[in-house]
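Reviewing the structure listed below.
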Amino acid sequence: MPAMRSAPFKNVRLVIWDLDETFWHGTLTEGGIRYNTEHHDIVVELCRRGIMNSICSRNERTAVEEILVGTEIWEYFIFPSIDWSPKADRIAEIVEAVQLRAETVVFVDDHPANLAQAKAALSGLQIADPGAIRDFLSDPGFAGKSDPDLTRLRQYKLLETRHVEMGKAGGNTAEFLRQSNIAVTIIYDVEKHLDRAIELINRTNQLNFTKQRLSEDKTEARAQLLEQIAPFHARAGLVAVCDRYGDYGICGFFLVIGLVAWAKPKLEHFAFSCRTLGMGVEQWVYELLGQPELEIVGEVLSDLNETVDWINIATAENEATGAGTRQFGEVRIRGGCELEVIEHFFRAHAQSILSEVVTMHGGLYMPRQNSTILAQALQGLTAQETDLIGRLGMDGSFYDTRLFEPCADGTVIIYSPTGDRMPTISTPCRLTT
Amino acid sequence: MRVYETMYRTILDKAPANALFIVVLPNQRHNINGAAVEDGIQAALNQTFRSVGEHRGNVEFIEMTSLIESIDEVTEDFRHFNRAVYYRLFQEIGTCYQRWLSGGSASAPMERPEFIGARLKPKAMTGRLRETVRVYRRALGI
């Protein structure tokens, strides 16, 4: 039989295998099979290339599982679909569950009608008959990306476990997510994970909101990103995610630039891996960052306006219990733009934040980094002083502060008097480009 | 400096007794074409603020100068730094806060403890300790 394929294969990320007369010789329910060790080895090698393998077969699941567990290949397959129902719908379900585009999936089956139905049901699906299997490993479309530690397989196994558990929850996604103990760690030391940040910026699509790509040359990309995250007004972080099912690793990266004193800060990069698609991580991070200005480029699979109440910041305590413990009590900040910059570090770790930093008020900058003004605010203004500041275009709000209001135990107040070295009415930081 | 001393006392006197009050003392070194140049006025202001607050149990001082590892990290003017310096400031605040919560001395130099907020390797020395080591090294000529 001549090989039937969607030639040439392109950028394959998943192979969905039929079993009878495809993965192995013979038909299981019709007198037994002869195991094909070459195909066994191909599946293992594909996993080491980061290309996943699934099963869509008409068979008895328990009998199939027993054979594949016995040959120690069962764990190399994700989302196996083994029953007697038509294959086309089940292939569509696998592709949806794995969160890949059909164009990156190859379905291999010995029955031409199965291949035709699957291709008709899923636009772009690549197909192959068993004659094509022997060439998979030498085909450029199956080059994949080296993954000798099977990291990608482990990530998909996590996804599969979550998928099964969500099914048991009866379709109540929010309730399932609340019970998943999703915990996020923000890693601010971006320089130590620069390559992962570049990978997220350049390789993600469906959850990359800005799509501001860096150079494909690694050295140049590093230099570009280092330059982007260096300015004092840059707020950058990587997002690591875990839940009760496992650790998803570093899944996101953000870069916010600008200060409130200039205008609304803006997201330059906001990119997440699809391995956390549907967990609400990107919505939670966007809220955490104070919903900066965001110009969405191209199509994305997530609505940032959805409310997420099931994510906590990761701490030693909640990694075990899922409880949302915070490190700081209330944090009160007063100072110049340098304290606006550090405020974002506290957002994930403080119960609440009171921020008095340089802002615009009418046509004037309101300096909060000056001890003359703060001390005067504590003593109150005389009528003469009130009149005087009024003539300068200021009002009493310039001399308001909530910094010293009664507070709960454990409150921390941070004050930065950078304005004392300057004239009382200071100018804000300059934006350099 | 007497005027500032009065203002700083007014401010610190108002700090709630049950809160930790952290004063971030501004950097006192300019980056002049890659060379570190001391700002005498800022140094005097910092010294004044510190002298007013040093015996208060709920007041802690963090010197921005001690968080700057290289003068190249000082950008634009002496009040603005590379992003990494601000993260060190956040870490230092966390260290002060944890020490205060555990009843430790506000002025004693100590190793930076494991600090959540990042799965990061803690820095080997706090800014203050680093400064102390720098002074000793200078004195010993090493």
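Labels for the structure tokens follow display order: chains A, B, ..., residues from 1 in each chain, ligands from 1.
Within 6 Å of range 336-341 of chain A there are A:Glu343, A:Val357, A:Val358, A:Gln369, counting only C-alpha atoms and ignoring same-chain residues fewer than 2 positions away.
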For the contact check between chain B and chain A, emit one row per residue of chain B within 8 Å, containing the shortest atom pair and the distance in Å rounded to one decimal, counting only C-alpha atoms, chain then rising number order, as a tab-separated table.
residue	atom	partner	partner_atom	distance
B:Tyr4	CA	A:Ser371	CA	7.9
B:Met7	CA	A:Ala375	CA	5.6
B:Tyr8	CA	A:Ser371	CA	7.2
B:Thr10	CA	A:Ala375	CA	6.1
B:Ile11	CA	A:Ala375	CA	5.8
B:Lys14	CA	A:Phe404	CA	6.4
B:Ala15	CA	A:Phe404	CA	5.9
B:Pro16	CA	A:Phe404	CA	6.3
B:Asn18	CA	A:Asp409	CA	5.3
B:Ala19	CA	A:Thr411	CA	4.8
B:Leu20	CA	A:Val412	CA	4.7
B:Phe21	CA	A:Ile413	CA	4.7
B:Ile22	CA	A:Ile414	CA	4.7
B:Val23	CA	A:Tyr415	CA	5.0
B:Val24	CA	A:Ser416	CA	4.8
B:Leu25	CA	A:Ser416	CA	6.5
B:Pro26	CA	A:Thr418	CA	5.6
B:Ile41	CA	A:Arg421	CA	7.1
B:Gln42	CA	A:Arg421	CA	6.1
B:Leu45	CA	A:Asp420	CA	7.9
B:Arg79	CA	A:Thr418	CA	7.1
B:His80	CA	A:Phe232	CA	6.2
B:Phe81	CA	A:Phe232	CA	5.4
B:Asn82	CA	A:Phe232	CA	5.2
B:Arg83	CA	A:Phe232	CA	4.8
B:Ala84	CA	A:Ala230	CA	7.5
B:Tyr86	CA	A:Ile342	CA	6.1
B:Tyr87	CA	A:Ile342	CA	7.2
B:Leu89	CA	A:Ile342	CA	7.9
B:Phe90	CA	A:Ile342	CA	6.5
B:Tyr97	CA	A:Val412	CA	7.4
B:Leu101	CA	A:Gly410	CA	7.3
B:Ile116	CA	A:Thr315	CA	6.7
B:Gly117	CA	A:Ile186	CA	6.7
B:Ala118	CA	A:Ile187	CA	4.9
B:Arg119	CA	A:Ile187	CA	6.6
B:Leu120	CA	A:Asp189	CA	7.2
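Shortest atom-to-atom contact with His55 in chain B among B:Ser102, B:Leu12, B:Glu73, B:Val3: B:Leu12, counting only C-alpha atoms.
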Quiz item: Where in range 8-118 of chain B does DSSP assign strand (DSSP E), given as a PyMOL selection string?
Solution: chain B and resi 20-25+29-32+35-38+59-63+74-75+80-81
Keeping only C-alpha atoms, write the selected residues as a PDB file, in the first residue's frame.
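Okay, again_25.pdb is ready:
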ATOM      1  CA  LEU B  20       7.868  49.820  61.898  1.00  0.00           C
ATOM      2  CA  PHE B  21       9.002  53.121  60.378  1.00  0.00           C
ATOM      3  CA  ILE B  22      11.658  52.660  57.724  1.00  0.00           C
ATOM      4  CA  VAL B  23      13.523  55.695  56.435  1.00  0.00           C
ATOM      5  CA  VAL B  24      15.183  55.117  53.092  1.00  0.00           C
ATOM      6  CA  LEU B  25      18.173  57.444  53.252  1.00  0.00           C
ATOM      7  CA  ARG B  29      27.105  59.322  45.646  1.00  0.00           C
ATOM      8  CA  HIS B  30      26.845  60.857  42.193  1.00  0.00           C
ATOM      9  CA  ASN B  31      27.914  59.072  39.045  1.00  0.00           C
ATOM     10  CA  ILE B  32      30.150  61.609  37.342  1.00  0.00           C
ATOM     11  CA  ALA B  35      33.360  57.978  38.977  1.00  0.00           C
ATOM     12  CA  ALA B  36      31.636  57.975  42.377  1.00  0.00           C
ATOM     13  CA  VAL B  37      31.538  61.469  43.836  1.00  0.00           C
ATOM     14  CA  GLU B  38      30.279  62.045  47.369  1.00  0.00           C
ATOM     15  CA  VAL B  59      12.698  53.126  63.406  1.00  0.00           C
ATOM     16  CA  GLU B  60      15.027  51.530  60.890  1.00  0.00           C
ATOM     17  CA  PHE B  61      17.297  53.226  58.368  1.00  0.00           C
ATOM     18  CA  ILE B  62      18.268  51.795  55.008  1.00  0.00           C
ATOM     19  CA  GLU B  63      21.010  53.547  53.084  1.00  0.00           C
ATOM     20  CA  VAL B  74      23.347  55.152  39.339  1.00  0.00           C
ATOM     21  CA  THR B  75      21.581  56.574  36.292  1.00  0.00           C
ATOM     22  CA  HIS B  80      17.679  57.014  40.062  1.00  0.00           C
ATOM     23  CA  PHE B  81      19.114  53.555  39.631  1.00  0.00           C
TER      24      PHE B  81
END
Quiz item: What gap, in Å, lies between CA of Val105 in chain A and CA of Pro80 in chain A?
Solution: 14.5 Å
Self-check item: Residues within 9 Å of Tyr245 in chain A, only C-alpha atoms, excluding chain neighbours under 3 positions, as a list in words
Solution: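 These residues fall inside the cut-off: Leu158, Leu159, Thr161, Arg162, Ser180, Asn181 and Cys242 of chain A.
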Long-range neighbours of Leu225 in chain A as a tab-separated table (two decimals) with N, CA, C and O atoms, in the first residue's frame, 8 Å cut-off, only C-alpha atoms, 4 positions minimum in chain:
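Produced file selection12.tsv, reproduced below:
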chain	number	residue	atom	x	y	z
A	194	LEU	N	17.00	34.90	32.13
A	194	LEU	CA	16.83	35.72	30.93
A	194	LEU	C	16.40	34.89	29.72
A	194	LEU	O	15.51	35.30	28.96
A	198	ILE	N	13.08	35.32	27.36
A	198	ILE	CA	13.16	35.50	25.89
A	198	ILE	C	12.29	34.45	25.19
A	198	ILE	O	11.58	34.75	24.24
A	214	LEU	N	11.61	39.80	20.34
A	214	LEU	CA	13.01	40.18	20.39
A	214	LEU	C	13.72	39.51	19.22
A	214	LEU	O	13.14	38.69	18.51
A	221	ALA	N	19.16	39.15	21.50
A	221	ALA	CA	17.91	39.18	22.28
A	221	ALA	C	18.19	39.46	23.75
A	221	ALA	O	17.48	40.23	24.40
A	229	ILE	N	14.74	46.10	30.51
A	229	ILE	CA	14.36	45.96	31.92
A	229	ILE	C	15.23	46.80	32.85
A	229	ILE	O	14.97	46.86	34.05
Quiz item: Counting only C-alpha atoms, what is within 12 Å of Val285 in chain A, bar same-chain residues fewer than 5 positions away, as a VMD selection string?
Solution: chain A and resid 183 to 186 236 to 241 251 to 256 267 270 to 272 279 to 280 290 to 292 304 to 309 311 to 313 344 347 to 348
Quiz item: What is the CA of His193 in chain A-CA of Gln212 in chain A distance in Å, reported with one decimal?
Solution: 18.4 Å
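Pairwise distance (CA of Val44 in chain A, CA of Ser85 in chain A) equals 27.5 Å.
Every protein or nucleic acid residue with an atom no more than 8 Å from Ala174 in chain A, counting only C-alpha atoms and leaving out same-chain residues fewer than 3 positions away, appears here: Leu177, Arg178 and Trp310 of chain A.
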Can I get the selection written as an mmCIF file, in the first residue's frame, with all heavy atoms?
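Output saved as out-v4.cif:
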data_model
loop_
_atom_site.group_PDB
_atom_site.id
_atom_site.type_symbol
_atom_site.label_atom_id
_atom_site.label_comp_id
_atom_site.auth_asym_id
_atom_site.auth_seq_id
_atom_site.Cartn_x
_atom_site.Cartn_y
_atom_site.Cartn_z
ATOM 1 N N LEU A 177 -11.128 25.030 39.995
ATOM 2 C CA LEU A 177 -9.913 25.839 40.133
ATOM 3 C C LEU A 177 -9.702 26.270 41.587
ATOM 4 O O LEU A 177 -8.577 26.330 42.066
ATOM 5 C CB LEU A 177 -9.992 27.062 39.218
ATOM 6 C CG LEU A 177 -9.902 26.733 37.715
ATOM 7 C CD1 LEU A 177 -10.267 27.945 36.871
ATOM 8 C CD2 LEU A 177 -8.503 26.247 37.349
ATOM 9 N N ARG A 178 -10.797 26.550 42.302
ATOM 10 C CA ARG A 178 -10.668 26.922 43.720
ATOM 11 C C ARG A 178 -10.095 25.769 44.536
ATOM 12 O O ARG A 178 -9.403 25.981 45.518
ATOM 13 C CB ARG A 178 -12.026 27.342 44.280
ATOM 14 C CG ARG A 178 -12.464 28.699 43.805
ATOM 15 C CD ARG A 178 -13.714 29.216 44.501
ATOM 16 N NE ARG A 178 -14.203 30.377 43.774
ATOM 17 C CZ ARG A 178 -15.255 30.352 42.950
ATOM 18 N NH1 ARG A 178 -15.970 29.250 42.806
ATOM 19 N NH2 ARG A 178 -15.611 31.433 42.299
ATOM 20 N N TRP A 310 -9.198 32.490 42.850
ATOM 21 C CA TRP A 310 -8.717 31.185 43.290
ATOM 22 C C TRP A 310 -7.186 31.076 43.298
ATOM 23 O O TRP A 310 -6.648 29.991 43.456
ATOM 24 C CB TRP A 310 -9.285 30.076 42.407
ATOM 25 C CG TRP A 310 -9.115 30.312 40.938
ATOM 26 C CD1 TRP A 310 -7.982 30.130 40.210
ATOM 27 C CD2 TRP A 310 -10.102 30.787 40.022
ATOM 28 N NE1 TRP A 310 -8.194 30.461 38.902
ATOM 29 C CE2 TRP A 310 -9.491 30.855 38.753
ATOM 30 C CE3 TRP A 310 -11.448 31.149 40.152
ATOM 31 C CZ2 TRP A 310 -10.181 31.290 37.628
ATOM 32 C CZ3 TRP A 310 -12.132 31.570 39.032
ATOM 33 C CH2 TRP A 310 -11.506 31.634 37.791
#
Hey, what does DSSP flag as alpha helix (DSSP H) within range 81-300 of chain A? Can you give it to me as a JSON list (two decimals) with N, CA and C atoms, in the first residue's frame?
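In the end it all went to part-v9.json:
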[["chain", "number", "residue", "atom", "x", "y", "z"],
["A", 87, "LYS", "N", -14.14, 7.98, 15.59],
["A", 87, "LYS", "CA", -12.86, 8.59, 15.95],
["A", 87, "LYS", "C", -12.79, 10.10, 15.74],
["A", 88, "ALA", "N", -13.49, 10.61, 14.74],
["A", 88, "ALA", "CA", -13.30, 12.03, 14.38],
["A", 88, "ALA", "C", -13.56, 12.96, 15.56],
["A", 89, "ASP", "N", -14.67, 12.71, 16.25],
["A", 89, "ASP", "CA", -15.00, 13.58, 17.39],
["A", 89, "ASP", "C", -13.96, 13.44, 18.51],
["A", 90, "ARG", "N", -13.51, 12.21, 18.69],
["A", 90, "ARG", "CA", -12.54, 11.98, 19.78],
["A", 90, "ARG", "C", -11.19, 12.64, 19.46],
["A", 91, "ILE", "N", -10.82, 12.64, 18.22],
["A", 91, "ILE", "CA", -9.57, 13.32, 17.83],
["A", 91, "ILE", "C", -9.69, 14.82, 18.09],
["A", 92, "ALA", "N", -10.86, 15.35, 17.76],
["A", 92, "ALA", "CA", -11.09, 16.79, 18.03],
["A", 92, "ALA", "C", -10.99, 17.07, 19.52],
["A", 93, "GLU", "N", -11.52, 16.17, 20.34],
["A", 93, "GLU", "CA", -11.46, 16.37, 21.80],
["A", 93, "GLU", "C", -10.02, 16.32, 22.30],
["A", 94, "ILE", "N", -9.24, 15.39, 21.74],
["A", 94, "ILE", "CA", -7.82, 15.30, 22.16],
["A", 94, "ILE", "C", -7.09, 16.60, 21.82],
["A", 95, "VAL", "N", -7.30, 17.07, 20.59],
["A", 95, "VAL", "CA", -6.59, 18.28, 20.14],
["A", 95, "VAL", "C", -6.99, 19.47, 21.02],
["A", 96, "GLU", "N", -8.25, 19.55, 21.36],
["A", 96, "GLU", "CA", -8.72, 20.66, 22.21],
["A", 96, "GLU", "C", -8.11, 20.54, 23.62],
["A", 97, "ALA", "N", -8.11, 19.32, 24.15],
["A", 97, "ALA", "CA", -7.59, 19.13, 25.51],
["A", 97, "ALA", "C", -6.10, 19.43, 25.60],
["A", 98, "VAL", "N", -5.38, 19.09, 24.55],
["A", 98, "VAL", "CA", -3.93, 19.30, 24.55],
["A", 98, "VAL", "C", -3.59, 20.76, 24.24],
["A", 112, "PRO", "N", -8.34, 4.27, 5.61],
["A", 112, "PRO", "CA", -8.48, 5.55, 4.87],
["A", 112, "PRO", "C", -9.72, 6.34, 5.25],
["A", 113, "ALA", "N", -10.81, 5.64, 5.58],
["A", 113, "ALA", "CA", -12.04, 6.36, 5.92],
["A", 113, "ALA", "C", -11.86, 7.13, 7.23],
["A", 114, "ASN", "N", -11.16, 6.50, 8.19],
["A", 114, "ASN", "CA", -10.90, 7.20, 9.46],
["A", 114, "ASN", "C", -10.08, 8.47, 9.22],
["A", 115, "LEU", "N", -9.07, 8.34, 8.36],
["A", 115, "LEU", "CA", -8.22, 9.50, 8.07],
["A", 115, "LEU", "C", -9.04, 10.60, 7.39],
["A", 116, "ALA", "N", -9.86, 10.20, 6.45],
["A", 116, "ALA", "CA", -10.65, 11.19, 5.72],
["A", 116, "ALA", "C", -11.65, 11.89, 6.64],
["A", 117, "GLN", "N", -12.31, 11.11, 7.50],
["A", 117, "GLN", "CA", -13.29, 11.73, 8.42],
["A", 117, "GLN", "C", -12.59, 12.69, 9.39],
["A", 118, "ALA", "N", -11.44, 12.28, 9.89],
["A", 118, "ALA", "CA", -10.72, 13.13, 10.84],
["A", 118, "ALA", "C", -10.29, 14.43, 10.17],
["A", 119, "LYS", "N", -9.80, 14.32, 8.96],
["A", 119, "LYS", "CA", -9.34, 15.52, 8.23],
["A", 119, "LYS", "C", -10.51, 16.45, 7.91],
["A", 120, "ALA", "N", -11.67, 15.83, 7.62],
["A", 120, "ALA", "CA", -12.84, 16.66, 7.34],
["A", 120, "ALA", "C", -13.33, 17.37, 8.61],
["A", 121, "ALA", "N", -13.17, 16.69, 9.75],
["A", 121, "ALA", "CA", -13.66, 17.27, 11.01],
["A", 121, "ALA", "C", -12.72, 18.34, 11.55],
["A", 151, "THR", "N", 10.70, 16.85, 29.93],
["A", 151, "THR", "CA", 10.02, 17.93, 30.66],
["A", 151, "THR", "C", 8.64, 18.22, 30.05],
["A", 152, "ARG", "N", 8.62, 18.25, 28.74],
["A", 152, "ARG", "CA", 7.36, 18.57, 28.06],
["A", 152, "ARG", "C", 6.31, 17.48, 28.32],
["A", 153, "LEU", "N", 6.77, 16.23, 28.31],
["A", 153, "LEU", "CA", 5.85, 15.13, 28.59],
["A", 153, "LEU", "C", 5.27, 15.27, 30.00],
["A", 154, "ARG", "N", 6.12, 15.62, 30.95],
["A", 154, "ARG", "CA", 5.65, 15.79, 32.33],
["A", 154, "ARG", "C", 4.61, 16.91, 32.42],
["A", 155, "GLN", "N", 4.86, 18.00, 31.69],
["A", 155, "GLN", "CA", 3.91, 19.11, 31.71],
["A", 155, "GLN", "C", 2.55, 18.67, 31.16],
["A", 156, "TYR", "N", 2.59, 17.88, 30.09],
["A", 156, "TYR", "CA", 1.33, 17.42, 29.51],
["A", 156, "TYR", "C", 0.63, 16.40, 30.40],
["A", 157, "LYS", "N", 1.42, 15.61, 31.12],
["A", 157, "LYS", "CA", 0.81, 14.67, 32.07],
["A", 157, "LYS", "C", 0.07, 15.43, 33.17],
["A", 158, "LEU", "N", 0.67, 16.56, 33.59],
["A", 158, "LEU", "CA", 0.00, 17.42, 34.58],
["A", 158, "LEU", "C", -1.32, 17.94, 34.01],
["A", 159, "LEU", "N", -1.24, 18.39, 32.77],
["A", 159, "LEU", "CA", -2.43, 18.92, 32.11],
["A", 159, "LEU", "C", -3.51, 17.83, 32.04],
["A", 160, "GLU", "N", -3.08, 16.61, 31.74],
["A", 160, "GLU", "CA", -4.01, 15.49, 31.63],
["A", 160, "GLU", "C", -4.68, 15.20, 32.99],
["A", 161, "THR", "N", -3.87, 15.21, 34.04],
["A", 161, "THR", "CA", -4.42, 14.96, 35.37],
["A", 161, "THR", "C", -5.47, 16.01, 35.73],
["A", 162, "ARG", "N", -5.13, 17.27, 35.43],
["A", 162, "ARG", "CA", -6.08, 18.35, 35.72],
["A", 162, "ARG", "C", -7.35, 18.18, 34.90],
["A", 163, "HIS", "N", -7.19, 17.76, 33.66],
["A", 163, "HIS", "CA", -8.32, 17.57, 32.77],
["A", 163, "HIS", "C", -9.27, 16.50, 33.33],
["A", 164, "VAL", "N", -8.68, 15.42, 33.80],
["A", 164, "VAL", "CA", -9.48, 14.32, 34.37],
["A", 164, "VAL", "C", -10.21, 14.80, 35.62],
["A", 165, "GLU", "N", -9.48, 15.51, 36.49],
["A", 165, "GLU", "CA", -10.09, 16.00, 37.74],
["A", 165, "GLU", "C", -11.20, 17.00, 37.45],
["A", 166, "MET", "N", -10.98, 17.84, 36.43],
["A", 166, "MET", "CA", -12.01, 18.81, 36.09],
["A", 166, "MET", "C", -13.27, 18.11, 35.60],
["A", 167, "GLY", "N", -13.08, 17.02, 34.88],
["A", 167, "GLY", "CA", -14.22, 16.22, 34.43],
["A", 167, "GLY", "C", -15.00, 15.66, 35.59],
["A", 168, "LYS", "N", -14.28, 15.24, 36.63],
["A", 168, "LYS", "CA", -14.94, 14.70, 37.82],
["A", 168, "LYS", "C", -15.71, 15.78, 38.57],
["A", 173, "THR", "N", -15.98, 24.77, 36.39],
["A", 173, "THR", "CA", -14.57, 25.12, 36.26],
["A", 173, "THR", "C", -14.07, 25.96, 37.42],
["A", 174, "ALA", "N", -14.84, 26.98, 37.80],
["A", 174, "ALA", "CA", -14.40, 27.87, 38.87],
["A", 174, "ALA", "C", -14.21, 27.10, 40.17],
["A", 175, "GLU", "N", -15.16, 26.23, 40.47],
["A", 175, "GLU", "CA", -15.05, 25.45, 41.72],
["A", 175, "GLU", "C", -13.86, 24.51, 41.66],
["A", 176, "PHE", "N", -13.65, 23.93, 40.50],
["A", 176, "PHE", "CA", -12.48, 23.05, 40.34],
["A", 176, "PHE", "C", -11.19, 23.84, 40.57],
["A", 177, "LEU", "N", -11.13, 25.03, 40.00],
["A", 177, "LEU", "CA", -9.91, 25.84, 40.13],
["A", 177, "LEU", "C", -9.70, 26.27, 41.59],
["A", 178, "ARG", "N", -10.80, 26.55, 42.30],
["A", 178, "ARG", "CA", -10.67, 26.92, 43.72],
["A", 178, "ARG", "C", -10.10, 25.77, 44.54],
["A", 194, "LEU", "N", 17.00, 34.90, 32.13],
["A", 194, "LEU", "CA", 16.83, 35.72, 30.93],
["A", 194, "LEU", "C", 16.40, 34.89, 29.72],
["A", 195, "ASP", "N", 16.99, 33.71, 29.56],
["A", 195, "ASP", "CA", 16.67, 32.89, 28.39],
["A", 195, "ASP", "C", 15.21, 32.43, 28.42],
["A", 196, "ARG", "N", 14.71, 32.12, 29.62],
["A", 196, "ARG", "CA", 13.32, 31.70, 29.72],
["A", 196, "ARG", "C", 12.39, 32.88, 29.38],
["A", 197, "ALA", "N", 12.77, 34.07, 29.83],
["A", 197, "ALA", "CA", 11.97, 35.26, 29.51],
["A", 197, "ALA", "C", 11.94, 35.48, 28.00],
["A", 198, "ILE", "N", 13.08, 35.32, 27.36],
["A", 198, "ILE", "CA", 13.16, 35.50, 25.89],
["A", 198, "ILE", "C", 12.29, 34.45, 25.19],
["A", 199, "GLU", "N", 12.36, 33.23, 25.71],
["A", 199, "GLU", "CA", 11.56, 32.15, 25.12],
["A", 199, "GLU", "C", 10.07, 32.48, 25.20],
["A", 200, "LEU", "N", 9.65, 32.99, 26.34],
["A", 200, "LEU", "CA", 8.23, 33.34, 26.51],
["A", 200, "LEU", "C", 7.84, 34.48, 25.58],
["A", 201, "ILE", "N", 8.71, 35.47, 25.43],
["A", 201, "ILE", "CA", 8.41, 36.62, 24.58],
["A", 201, "ILE", "C", 8.35, 36.20, 23.10],
["A", 202, "ASN", "N", 9.28, 35.35, 22.70],
["A", 202, "ASN", "CA", 9.40, 35.03, 21.26],
["A", 202, "ASN", "C", 8.60, 33.81, 20.81],
["A", 203, "ARG", "N", 8.30, 32.89, 21.74],
["A", 203, "ARG", "CA", 7.67, 31.64, 21.30],
["A", 203, "ARG", "C", 6.18, 31.53, 21.61],
["A", 218, "LYS", "N", 20.24, 34.90, 19.81],
["A", 218, "LYS", "CA", 20.16, 34.81, 21.27],
["A", 218, "LYS", "C", 20.94, 35.92, 21.98],
["A", 219, "THR", "N", 22.15, 36.17, 21.51],
["A", 219, "THR", "CA", 22.98, 37.19, 22.15],
["A", 219, "THR", "C", 22.33, 38.56, 22.03],
["A", 220, "GLU", "N", 21.83, 38.83, 20.83],
["A", 220, "GLU", "CA", 21.19, 40.13, 20.60],
["A", 220, "GLU", "C", 19.90, 40.25, 21.42],
["A", 221, "ALA", "N", 19.16, 39.15, 21.50],
["A", 221, "ALA", "CA", 17.91, 39.18, 22.28],
["A", 221, "ALA", "C", 18.19, 39.46, 23.75],
["A", 222, "ARG", "N", 19.24, 38.84, 24.27],
["A", 222, "ARG", "CA", 19.61, 39.08, 25.68],
["A", 222, "ARG", "C", 19.93, 40.55, 25.90],
["A", 223, "ALA", "N", 20.72, 41.10, 24.98],
["A", 223, "ALA", "CA", 21.10, 42.51, 25.11],
["A", 223, "ALA", "C", 19.86, 43.41, 25.04],
["A", 224, "GLN", "N", 18.96, 43.08, 24.13],
["A", 224, "GLN", "CA", 17.74, 43.88, 23.99],
["A", 224, "GLN", "C", 16.91, 43.86, 25.27],
["A", 225, "LEU", "N", 16.73, 42.64, 25.81],
["A", 225, "LEU", "CA", 15.88, 42.53, 27.00],
["A", 225, "LEU", "C", 16.53, 43.19, 28.22],
["A", 226, "LEU", "N", 17.84, 43.00, 28.34],
["A", 226, "LEU", "CA", 18.54, 43.65, 29.46],
["A", 226, "LEU", "C", 18.37, 45.16, 29.40],
["A", 227, "GLU", "N", 18.44, 45.71, 28.20],
["A", 227, "GLU", "CA", 18.27, 47.15, 28.04],
["A", 227, "GLU", "C", 16.83, 47.57, 28.38],
["A", 228, "GLN", "N", 15.87, 46.71, 28.01],
["A", 228, "GLN", "CA", 14.47, 47.06, 28.28],
["A", 228, "GLN", "C", 14.14, 47.04, 29.77],
["A", 229, "ILE", "N", 14.74, 46.10, 30.51],
["A", 229, "ILE", "CA", 14.36, 45.96, 31.92],
["A", 229, "ILE", "C", 15.23, 46.80, 32.85],
["A", 281, "VAL", "N", -4.27, 32.59, 35.45],
["A", 281, "VAL", "CA", -3.02, 33.19, 35.94],
["A", 281, "VAL", "C", -2.81, 34.58, 35.34],
["A", 282, "GLU", "N", -3.04, 34.72, 34.04],
["A", 282, "GLU", "CA", -2.78, 36.00, 33.40],
["A", 282, "GLU", "C", -3.74, 37.08, 33.91],
["A", 283, "GLN", "N", -4.98, 36.71, 34.19],
["A", 283, "GLN", "CA", -5.92, 37.70, 34.76],
["A", 283, "GLN", "C", -5.47, 38.14, 36.15],
["A", 284, "TRP", "N", -5.01, 37.17, 36.93],
["A", 284, "TRP", "CA", -4.57, 37.46, 38.30],
["A", 284, "TRP", "C", -3.35, 38.40, 38.29],
["A", 285, "VAL", "N", -2.41, 38.12, 37.41],
["A", 285, "VAL", "CA", -1.20, 38.95, 37.34],
["A", 285, "VAL", "C", -1.55, 40.36, 36.85],
["A", 286, "TYR", "N", -2.44, 40.45, 35.89],
["A", 286, "TYR", "CA", -2.84, 41.77, 35.36],
["A", 286, "TYR", "C", -3.46, 42.61, 36.47],
["A", 287, "GLU", "N", -4.30, 42.00, 37.27],
["A", 287, "GLU", "CA", -4.91, 42.69, 38.41],
["A", 287, "GLU", "C", -3.84, 43.09, 39.41],
["A", 288, "LEU", "N", -2.93, 42.18, 39.66],
["A", 288, "LEU", "CA", -1.85, 42.44, 40.62],
["A", 288, "LEU", "C", -1.01, 43.65, 40.20]]
